[in-house]
Amino acid sequence: MSHMAPASTAIYNDRTSLELLDYDLTWDEDEVAWYTEWSQESRITGREDLFAVRALVVPMAKKPAATILVQYSEDGSTVAQESDPIDTYDDELVNHVPELPVNPDGYYRMKITNYSGYNELYSLDMGFIHK
């Protein structure tokens with residue numbers, strides 16, 4: 001009888017289906033997370049009083065398909081505030097983020113972690129909404 005140690009392999013790929021989203025993404029090896037660029041949001045009607053994230057996930061995706069944290073900055077360079085983690089599922093489209101300010105002069109970005117796989121998250125948006 002012979003015994004052999006288990007073998008495993010790993011593949012590193014510079015591309016991800018997250019590149020299909022409408023955001024430029026940066027990979028942070030230390031944080032093991034994708035970051036969108038800092039951007040400002042605007043009020044459309046002037047009545048928007050809540051920040052929200054919308055994620056569209058394919059049916060039967062891993063649960064959660066990804067975890068999103070929204071970061072807020074007053075100047076677009078340092079994180080002043082971060083949302084609670086938002087797990088994305090195929091049955092929840094809009095997630096309210098009440099812990100972040102609604103500030104058209106501030107900057108926001110998304111930190112995407114626990115991304116489950118290719119093409120499971122096919123749209124991701126953030127912005128101000130009216131309750």
# chains A, B, ... in the order shown; residues from 1 in each chain; ligands from 1
>>> residues_around(residues="A:Met110", least_positions_apart="2", cutoff="12 Å", atoms="only C-alpha atoms", output="number ranges by chain")
A: 23-27, 33-39, 52-55, 66-73, 79, 81-86, 107-108, 112-113, 124-127
>>> select_by_dssp(residues="chain A", states="strand (DSSP E)", output="PDB file with C-alpha atoms, in the first residue's frame")
ATOM      1  CA  LEU A  25     -11.537  48.568 -10.385  1.00  0.00           C
ATOM      2  CA  THR A  26      -8.282  48.211  -8.492  1.00  0.00           C
ATOM      3  CA  TRP A  27      -7.196  44.968  -6.828  1.00  0.00           C
ATOM      4  CA  ASP A  28      -5.615  45.208  -3.370  1.00  0.00           C
ATOM      5  CA  ALA A  33     -10.524  43.122  -2.211  1.00  0.00           C
ATOM      6  CA  TRP A  34     -11.506  45.063  -5.295  1.00  0.00           C
ATOM      7  CA  TYR A  35     -11.985  48.836  -4.986  1.00  0.00           C
ATOM      8  CA  THR A  36     -13.911  51.174  -7.247  1.00  0.00           C
ATOM      9  CA  LEU A  50     -30.686  57.843   1.895  1.00  0.00           C
ATOM     10  CA  PHE A  51     -27.640  56.142   0.386  1.00  0.00           C
ATOM     11  CA  ALA A  52     -28.217  52.775  -1.327  1.00  0.00           C
ATOM     12  CA  VAL A  53     -26.401  50.022  -3.207  1.00  0.00           C
ATOM     13  CA  ARG A  54     -28.085  47.987  -5.929  1.00  0.00           C
ATOM     14  CA  ALA A  55     -26.616  44.619  -6.848  1.00  0.00           C
ATOM     15  CA  LEU A  56     -27.916  42.282  -9.529  1.00  0.00           C
ATOM     16  CA  VAL A  57     -26.909  38.662  -9.017  1.00  0.00           C
ATOM     17  CA  ALA A  66     -20.063  39.159  -2.941  1.00  0.00           C
ATOM     18  CA  THR A  67     -19.808  41.373   0.105  1.00  0.00           C
ATOM     19  CA  ILE A  68     -19.801  45.136  -0.471  1.00  0.00           C
ATOM     20  CA  LEU A  69     -18.596  47.823   1.906  1.00  0.00           C
ATOM     21  CA  VAL A  70     -19.201  51.422   0.893  1.00  0.00           C
ATOM     22  CA  GLN A  71     -16.580  53.895   2.014  1.00  0.00           C
ATOM     23  CA  TYR A  72     -17.148  57.626   2.419  1.00  0.00           C
ATOM     24  CA  SER A  73     -14.524  60.355   2.212  1.00  0.00           C
ATOM     25  CA  GLN A  81     -16.628  56.318   7.332  1.00  0.00           C
ATOM     26  CA  GLU A  82     -17.417  52.781   6.171  1.00  0.00           C
ATOM     27  CA  ILE A  86     -23.668  44.254   2.507  1.00  0.00           C
ATOM     28  CA  ASP A  87     -24.027  40.668   1.329  1.00  0.00           C
ATOM     29  CA  THR A  88     -25.427  40.419  -2.189  1.00  0.00           C
ATOM     30  CA  VAL A  94     -31.531  47.450  -3.268  1.00  0.00           C
ATOM     31  CA  ASN A  95     -29.707  47.674   0.048  1.00  0.00           C
ATOM     32  CA  HIS A  96     -30.120  50.803   2.156  1.00  0.00           C
ATOM     33  CA  TYR A 107     -16.869  60.975  -2.236  1.00  0.00           C
ATOM     34  CA  TYR A 108     -17.880  57.320  -2.199  1.00  0.00           C
ATOM     35  CA  ARG A 109     -16.307  54.060  -3.321  1.00  0.00           C
ATOM     36  CA  MET A 110     -17.117  50.374  -2.990  1.00  0.00           C
ATOM     37  CA  LYS A 111     -14.877  47.715  -1.525  1.00  0.00           C
ATOM     38  CA  ILE A 112     -15.834  44.319  -2.997  1.00  0.00           C
ATOM     39  CA  THR A 113     -14.823  41.244  -0.998  1.00  0.00           C
ATOM     40  CA  LEU A 121     -22.558  39.664 -10.005  1.00  0.00           C
ATOM     41  CA  TYR A 122     -23.539  41.393 -13.231  1.00  0.00           C
ATOM     42  CA  SER A 123     -24.509  44.891 -12.117  1.00  0.00           C
ATOM     43  CA  LEU A 124     -23.550  47.066  -9.189  1.00  0.00           C
ATOM     44  CA  ASP A 125     -24.700  50.634  -8.574  1.00  0.00           C
ATOM     45  CA  MET A 126     -24.634  53.089  -5.708  1.00  0.00           C
ATOM     46  CA  GLY A 127     -26.311  56.430  -5.164  1.00  0.00           C
ATOM     47  CA  PHE A 128     -28.796  58.575  -3.306  1.00  0.00           C
ATOM     48  CA  ILE A 129     -32.444  57.534  -3.135  1.00  0.00           C
TER      49      ILE A 129
END
>>> residues_around(residues="A:Arg43", least_positions_apart="2", cutoff="12 Å", atoms="only C-alpha atoms", output="PyMOL selection string")
chain A and resi 40-41+45-51+102-105+127-130
>>> select_by_dssp(residues="chain A", states="helix (DSSP H, G or I)", output="list of chain:residue names")
A:Ser17, A:Leu18, A:Glu19, A:Leu20
>>> atom_distance(atom1="atom CA of A:Lys131", atom2="atom CA of A:Lys62")
29.4 Å
